[in-house]
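Heads up, final16.txt below (compact mmCIF, C-alpha atoms):
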# COMPACT_ATOMS: atom_id res chain seq x y z
CA MET O 1 0.00 0.00 0.00
CA LYS O 2 1.27 3.46 -0.89
CA ARG O 3 0.99 6.27 1.63
CA ASN O 4 -1.21 9.17 0.59
CA VAL O 5 0.60 12.45 1.28
CA GLU O 6 -0.77 15.91 0.60
CA LEU O 7 2.58 17.57 -0.17
CA VAL O 8 6.13 16.24 -0.57
CA VAL O 9 9.22 18.42 -1.01
CA ILE O 10 12.57 16.96 -2.07
CA SER O 11 15.71 18.82 -3.14
CA ASP O 12 19.40 18.41 -3.86
CA VAL O 13 19.18 14.98 -5.47
CA HIS O 14 22.10 15.69 -7.82
CA LEU O 15 21.25 13.07 -10.42
CA GLY O 16 24.30 12.43 -12.58
CA THR O 17 26.80 12.48 -9.72
CA TYR O 18 28.48 9.59 -7.90
CA GLY O 19 27.12 10.72 -4.54
CA CYS O 20 23.44 10.61 -5.54
CA LYS O 21 21.40 7.92 -3.76
CA ALA O 22 19.00 7.32 -6.66
CA LYS O 23 18.00 3.76 -5.68
CA GLU O 24 16.96 4.91 -2.22
CA LEU O 25 15.03 7.88 -3.62
CA LEU O 26 13.23 5.60 -6.07
CA ARG O 27 12.17 3.29 -3.23
CA TYR O 28 10.80 6.31 -1.38
CA LEU O 29 8.92 7.68 -4.40
CA ASN O 30 7.43 4.23 -5.06
CA SER O 31 6.11 4.15 -1.49
CA ILE O 32 4.02 7.35 -1.66
CA GLN O 33 1.14 8.82 -3.61
CA PRO O 34 1.53 12.60 -3.24
CA GLU O 35 -1.12 15.11 -4.27
CA THR O 36 1.67 17.63 -4.90
CA LEU O 37 5.38 16.95 -5.41
CA VAL O 38 7.81 19.87 -5.24
CA LEU O 39 11.31 19.29 -6.64
CA ASN O 40 13.11 22.16 -4.95
CA GLY O 41 16.26 22.55 -7.02
CA ASP O 42 19.45 20.67 -7.90
CA ILE O 43 17.55 17.59 -9.01
CA ILE O 44 19.66 17.01 -12.14
CA ASP O 45 23.23 18.19 -11.62
CA ILE O 46 24.12 19.93 -14.87
CA TRP O 47 27.38 21.24 -13.40
CA GLN O 48 28.80 17.76 -12.89
CA PHE O 49 27.35 16.10 -16.00
CA LYS O 50 29.58 13.41 -17.52
CA LYS O 51 28.58 11.49 -20.64
CA SER O 52 30.12 8.38 -19.14
CA TYR O 53 27.97 8.44 -16.00
CA PHE O 54 24.18 8.37 -15.85
CA PRO O 55 23.19 4.89 -14.61
CA LYS O 56 19.78 3.25 -14.80
CA PRO O 57 18.62 4.16 -11.27
CA HIS O 58 19.13 7.86 -12.07
CA LEU O 59 17.10 7.52 -15.25
CA LYS O 60 14.41 5.59 -13.36
CA VAL O 61 13.98 8.51 -10.95
CA ILE O 62 13.30 10.84 -13.88
CA LYS O 63 10.85 8.38 -15.39
CA LYS O 64 9.10 8.02 -12.03
CA ILE O 65 8.70 11.78 -11.70
CA ILE O 66 7.30 12.03 -15.24
CA SER O 67 4.98 9.13 -14.46
CA LEU O 68 3.63 10.93 -11.38
CA ALA O 69 3.06 14.08 -13.46
CA THR O 70 1.08 12.15 -16.08
CA LYS O 71 -1.26 10.78 -13.42
CA ASN O 72 -2.78 12.58 -10.45
CA THR O 73 0.19 14.44 -8.97
CA GLU O 74 0.93 18.15 -9.44
CA VAL O 75 4.69 18.37 -9.95
CA TYR O 76 6.65 21.60 -9.60
CA TYR O 77 10.27 21.64 -10.75
CA ILE O 78 11.90 24.62 -9.01
CA THR O 79 15.29 25.41 -10.48
CA GLY O 80 18.46 25.56 -8.39
CA ASN O 81 22.03 26.57 -9.09
CA HIS O 82 23.20 23.12 -10.26
CA ASP O 83 20.30 22.88 -12.73
CA GLU O 84 20.15 26.58 -13.58
CA MET O 85 20.08 25.90 -17.34
CA PHE O 86 16.40 25.00 -16.86
CA ARG O 87 15.71 28.59 -15.80
CA LYS O 88 15.30 29.52 -19.46
CA PHE O 89 12.21 27.26 -19.38
CA THR O 90 10.62 29.11 -16.43
CA ASP O 91 6.80 28.97 -16.56
CA PHE O 92 6.93 26.04 -18.99
CA GLU O 93 4.17 23.50 -18.37
CA LEU O 94 3.78 19.95 -19.63
CA GLY O 95 0.55 18.51 -18.28
CA LYS O 96 0.88 18.63 -14.51
CA LEU O 97 4.64 19.30 -14.63
CA LYS O 98 5.56 22.96 -14.17
CA VAL O 99 9.03 24.53 -14.27
CA CYS O 100 9.50 27.63 -12.10
CA ASN O 101 12.01 29.56 -10.00
CA LYS O 102 9.78 29.69 -6.93
CA ILE O 103 6.20 28.97 -5.93
CA CYS O 104 3.76 30.42 -3.41
CA LEU O 105 1.12 28.03 -2.14
CA ASP O 106 -1.84 28.41 0.18
CA ILE O 107 -1.69 25.40 2.50
CA ASP O 108 -4.64 25.20 4.89
CA GLN O 109 -4.88 29.02 4.75
CA LYS O 110 -1.15 29.37 5.52
CA LYS O 111 0.97 31.31 3.02
CA THR O 112 3.88 29.13 1.92
CA TRP O 113 6.94 30.36 0.02
CA ILE O 114 9.11 27.68 -1.61
CA PHE O 115 12.41 28.34 -3.41
CA HIS O 116 15.82 26.66 -3.65
CA GLY O 117 17.88 29.21 -1.75
CA ASP O 118 20.99 29.76 -3.89
CA VAL O 119 19.94 33.41 -4.21
CA PHE O 120 21.52 33.91 -0.77
CA ASP O 121 24.85 32.40 -1.83
CA ALA O 122 27.27 35.13 -2.96
CA SER O 123 29.77 32.58 -4.32
CA VAL O 124 27.13 31.23 -6.70
CA GLN O 125 25.84 34.62 -7.75
CA HIS O 126 29.17 36.36 -8.34
CA SER O 127 31.92 33.75 -8.67
CA LYS O 128 30.47 30.65 -10.28
CA TRP O 129 33.86 29.10 -10.96
CA ILE O 130 34.56 29.12 -7.21
CA ALA O 131 31.20 27.52 -6.51
CA LYS O 132 31.77 24.87 -9.18
CA LEU O 133 35.22 24.13 -7.81
CA GLY O 134 33.63 23.71 -4.39
CA GLY O 135 31.04 21.39 -5.92
CA LYS O 136 33.76 19.14 -7.35
CA GLY O 137 35.51 19.09 -3.98
CA TYR O 138 32.27 18.09 -2.28
CA ASP O 139 31.77 15.30 -4.83
CA LEU O 140 35.27 13.98 -4.14
CA LEU O 141 34.63 14.12 -0.40
CA ILE O 142 31.43 12.09 -0.87
CA ILE O 143 33.22 9.46 -3.01
CA ILE O 144 35.94 9.03 -0.38
CA ASN O 145 33.29 8.93 2.35
CA ASN O 146 31.38 6.19 0.50
CA VAL O 147 34.52 4.05 0.31
CA VAL O 148 35.22 4.55 4.02
CA ASN O 149 31.62 3.68 4.92
CA TRP O 150 31.80 0.50 2.81
CA PHE O 151 34.70 -0.69 4.93
CA LEU O 152 32.96 0.41 8.15
CA GLU O 153 29.84 -1.60 7.21
CA LYS O 154 31.97 -4.66 6.45
CA MET O 155 33.45 -4.35 9.95
CA GLY O 156 29.99 -3.99 11.48
CA LYS O 157 30.49 -0.37 12.49
CA GLU O 158 28.26 2.68 12.03
CA LYS O 159 28.60 4.92 8.99
CA TYR O 160 30.45 8.21 9.36
CA SER O 161 29.77 11.49 7.55
CA PHE O 162 32.76 13.72 6.80
CA SER O 163 30.50 16.49 5.53
CA LYS O 164 28.28 16.53 8.63
CA LYS O 165 31.36 16.60 10.84
CA ILE O 166 32.64 19.64 8.96
CA LYS O 167 29.26 21.39 9.03
CA ASN O 168 28.82 20.81 12.75
CA ASN O 169 32.34 21.71 13.85
CA VAL O 170 33.74 24.33 11.48
CA LYS O 171 32.67 27.75 12.73
CA LYS O 172 32.30 29.27 9.26
CA ALA O 173 30.07 26.39 8.12
CA VAL O 174 27.91 26.65 11.24
CA LYS O 175 27.64 30.43 10.78
CA TYR O 176 26.75 30.08 7.08
CA ILE O 177 23.91 27.67 7.85
CA GLY O 178 22.63 29.90 10.66
CA ASP O 179 22.81 33.02 8.48
CA PHE O 180 21.04 31.22 5.63
CA GLU O 181 18.15 30.10 7.84
CA LEU O 182 17.82 33.52 9.47
CA THR O 183 17.90 35.43 6.16
CA ALA O 184 15.21 33.22 4.60
CA SER O 185 13.05 33.48 7.71
CA GLU O 186 13.34 37.25 8.06
CA LEU O 187 12.40 37.75 4.40
CA ALA O 188 9.42 35.45 4.86
CA ILE O 189 8.28 37.39 7.93
CA ASP O 190 8.69 40.72 6.10
CA ASN O 191 6.46 39.39 3.31
CA HIS O 192 3.90 37.86 5.69
CA TYR O 193 4.54 34.19 4.86
CA ASP O 194 3.71 31.53 7.43
CA TYR O 195 6.10 28.93 5.98
CA VAL O 196 9.36 29.32 4.05
CA VAL O 197 10.75 26.15 2.46
CA CYS O 198 14.29 25.90 1.07
CA GLY O 199 16.94 23.41 -0.02
CA HIS O 200 20.49 24.19 -1.16
CA ILE O 201 22.42 23.78 2.12
CA HIS O 202 21.69 20.03 2.53
CA GLN O 203 20.58 20.56 6.13
CA PRO O 204 17.09 19.18 6.96
CA GLN O 205 15.29 21.42 9.40
CA ILE O 206 11.95 22.51 10.82
CA ARG O 207 12.03 25.36 13.30
CA GLU O 208 10.10 28.41 14.39
CA VAL O 209 11.74 31.81 13.90
CA VAL O 210 10.50 34.86 15.78
CA ASN O 211 11.59 38.49 15.54
CA LYS O 212 10.09 41.88 16.36
CA LYS O 213 8.02 41.86 13.17
CA GLY O 214 6.41 38.45 13.64
CA SER O 215 7.13 34.76 13.17
CA CYS O 216 7.29 32.00 10.59
CA THR O 217 8.25 28.34 10.27
CA TYR O 218 11.52 27.72 8.44
CA LEU O 219 11.83 24.33 6.70
CA ASN O 220 14.59 22.66 4.70
CA SER O 221 14.18 19.38 2.82
CA GLY O 222 17.84 18.31 3.14
CA ASP O 223 19.26 16.18 0.32
CA TRP O 224 19.57 12.72 -1.26
CA ILE O 225 23.32 12.40 -0.96
CA GLU O 226 23.90 12.15 2.78
CA ASN O 227 20.74 12.85 4.78
CA LEU O 228 18.32 11.09 2.37
CA SER O 229 15.48 13.27 3.60
CA ALA O 230 12.25 14.86 2.42
CA LEU O 231 9.60 17.16 3.82
CA GLU O 232 6.05 15.85 4.07
CA TYR O 233 2.92 17.84 4.86
CA ASN O 234 -0.17 15.93 5.90
CA ASP O 235 -3.12 16.58 8.22
CA LYS O 236 -1.91 20.14 8.95
CA GLU O 237 1.51 18.96 10.11
CA TRP O 238 5.02 19.12 8.65
CA LYS O 239 7.44 16.23 9.18
CA ILE O 240 10.93 15.36 7.99
CA PHE O 241 11.10 11.91 6.39
CA TYR O 242 14.45 10.17 6.87
CA TYR O 243 15.03 7.21 4.59
CA ASP O 244 17.31 5.40 7.04
CA GLU O 245 14.57 5.42 9.69
CA HIS O 246 11.99 3.85 7.36
CA LYS O 247 13.94 1.82 4.80
CA HIS O 248 12.88 -1.49 6.37
CA LEU O 249 9.28 -0.61 5.47
CA LEU O 250 9.98 0.22 1.81
CA LYS O 251 9.87 -2.31 -0.99
CA ASP O 252 12.51 -2.66 -3.66
CA ASP O 253 11.80 -1.20 -7.07
CA GLU O 254 10.04 -3.50 -9.50
CA VAL O 255 12.28 -4.99 -12.18
CA GLU O 256 12.02 -2.79 -15.24
CA GLU O 257 13.95 -2.90 -18.48
CA ILE O 258 15.30 0.52 -19.39
CA GLN O 259 17.67 1.16 -22.26
CA GLU O 260 20.99 2.72 -21.38
CA MET O 261 21.02 6.43 -22.11
CA ASP O 262 23.93 8.83 -21.90
CA ASN O 263 23.64 12.40 -20.70
CA SER O 264 23.45 13.98 -24.15
CA ASP O 265 20.38 11.85 -24.96
CA LEU O 266 18.80 12.76 -21.63
CA LEU O 267 19.42 16.47 -22.20
CA LYS O 268 17.82 16.22 -25.64
CA ILE O 269 14.66 14.74 -24.10
CA VAL O 270 14.48 17.44 -21.42
CA THR O 271 15.24 20.40 -23.70
CA ASN O 272 12.99 19.17 -26.51
CA PHE O 273 10.02 19.82 -24.22
CA SER O 274 10.50 23.51 -25.03
In structure tokens, what does this structure look like?
Amino acid sequence: MKRNVELVVISDVHLGTYGCKAKELLRYLNSIQPETLVLNGDIIDIWQFKKSYFPKPHLKVIKKIISLATKNTEVYYITGNHDEMFRKFTDFELGKLKVCNKICLDIDQKKTWIFHGDVFDASVQHSKWIAKLGGKGYDLLIIINNVVNWFLEKMGKEKYSFSKKIKNNVKKAVKYIGDFELTASELAIDNHYDYVVCGHIHQPQIREVVNKKGSCTYLNSGDWIENLSALEYNDKEWKIFYYDEHKHLLKDDEVEEIQEMDNSDLLKIVTNFS
């Protein structure tokens, strides 16, 4: 049985990179029947595209999303910095699939503002080569981390996250995350939004922010590289879904024959929609 969910938000999947956990995401998507699915940026990683790497599970995720959009699910593809090339297709619609830079929803009479969040990142806005270099470094860190975790699992030990350790212990990283959350929240309060939903920083979160002008709920959907997390809204309540906490309840993907497709073919399919 699939779970019926009113709204699901996922972000920072980074399809086309070695760190992407596409199989796990596919298991999650196969377990739910969302009324609305918001893809909040960096779903396909155009920055890191390599013709030699786009395996079947990554392609299956795309096919699953398209399948949802052809049935009963409203799908919003919000562009991020790693898939910014899709910004030239802003306001494009294909059935129930819509491409946009941000969306504003009314959820149970609560104003909800959803956007990726790279607009707050000066390195992305003004020095893209620095941001891309950082992206490659992050990818390398994830590859090394995956190798280390493989050995740890073989020895019966818990997995370890280099990136989380850095984020939690390096003062500049902690400050960046705090500044990001505060900036998004203060802008939401200024514009009278009840909820502000972001991605980009790979840090799942739900918290109330209060200042002299008012309050709002800040939410972040995390990512599908390390945290394997999503935001779910159901019965007037937000929750963070963590794959690792529920994976024993999810079924494996059904066997499906899909032809191999390199990145150039995939890009042709996506861009031909225009």
> What gap, in Å, lies between CA of Lys111 (chain O) and CA of Glu186 (chain O)?
Replying inline: 14.6 Å
>> Show me the residues around (11.5, 24.3, 4.6) - criterion: an atom at most 7 Å away, all atoms listed in the file counted - as a PyMOL selection string.
In response: chain O and resi 196-198+205-206+218-221
Listed atoms of region 91-96 of chain O boxed along x, y and z, 4 Å each side, centre and edge lengths in Å, one decimal, as lines of an AutoDock Vina configuration file:
center_x = 3.7
center_y = 23.7
center_z = -17.1
size_x = 14.4
size_y = 18.5
size_z = 13.1
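You will find CA of Tyr193 (chain O) at 6.7 Å from CA of Cys216 (chain O).
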> Just how far from CA of Ser11 (chain O) is CA of Lys23 (chain O), in Å to one decimal?
Replying inline: 15.4 Å
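A cut-off of 8 Å from the point (8.8, 18.8, 3.5), with all atoms listed in the file, picks out the residues O:Leu7, O:Val8, O:Val9, O:Ile10, O:Val197, O:Leu219, O:Asn220, O:Ser221, O:Ala230, O:Leu231, O:Glu232, O:Tyr233, O:Trp238, O:Lys239, O:Ile240, O:Phe241.
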>> Which residues are close to Trp113 (chain O), i.e. within 12 Å by only C-alpha atoms, leaving aside same-chain residues fewer than 3 positions away? Reply as a VMD selection string.
In response: chain O and resid 38 40 78 101 to 107 110 116 to 117 184 to 185 187 to 189 191 to 198 216 to 220
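Residue nearest Gly95 (chain O) within the list O:Asn30, O:Thr79, O:Glu74, O:Asp108: O:Glu74 [criterion: smallest interatomic distance, all atoms listed in the file].
Proximity of O:Asp118, O:Glu181, O:Asp42, O:Glu158 to Met85 (chain O), computed with all atoms listed in the file, is greatest for O:Asp42.
Of the residues under consideration (O:Ile32, O:Ile43, O:Cys100, O:Met1), O:Ile43 shows the shortest atom-to-atom contact distance to Ile225 (chain O) when counting all atoms listed in the file.
Closest approach to Gln33 (chain O) from the set O:Met155, O:Glu226, O:Lys63, O:Asn234 is made by O:Asn234, with distances taken over all atoms listed in the file.
Comparing the minimum interatomic distances between Val99 (chain O) and each of O:Val119, O:Tyr28, O:Leu39, O:Gln48, counting all atoms listed in the file, we find that O:Leu39 sits nearest.
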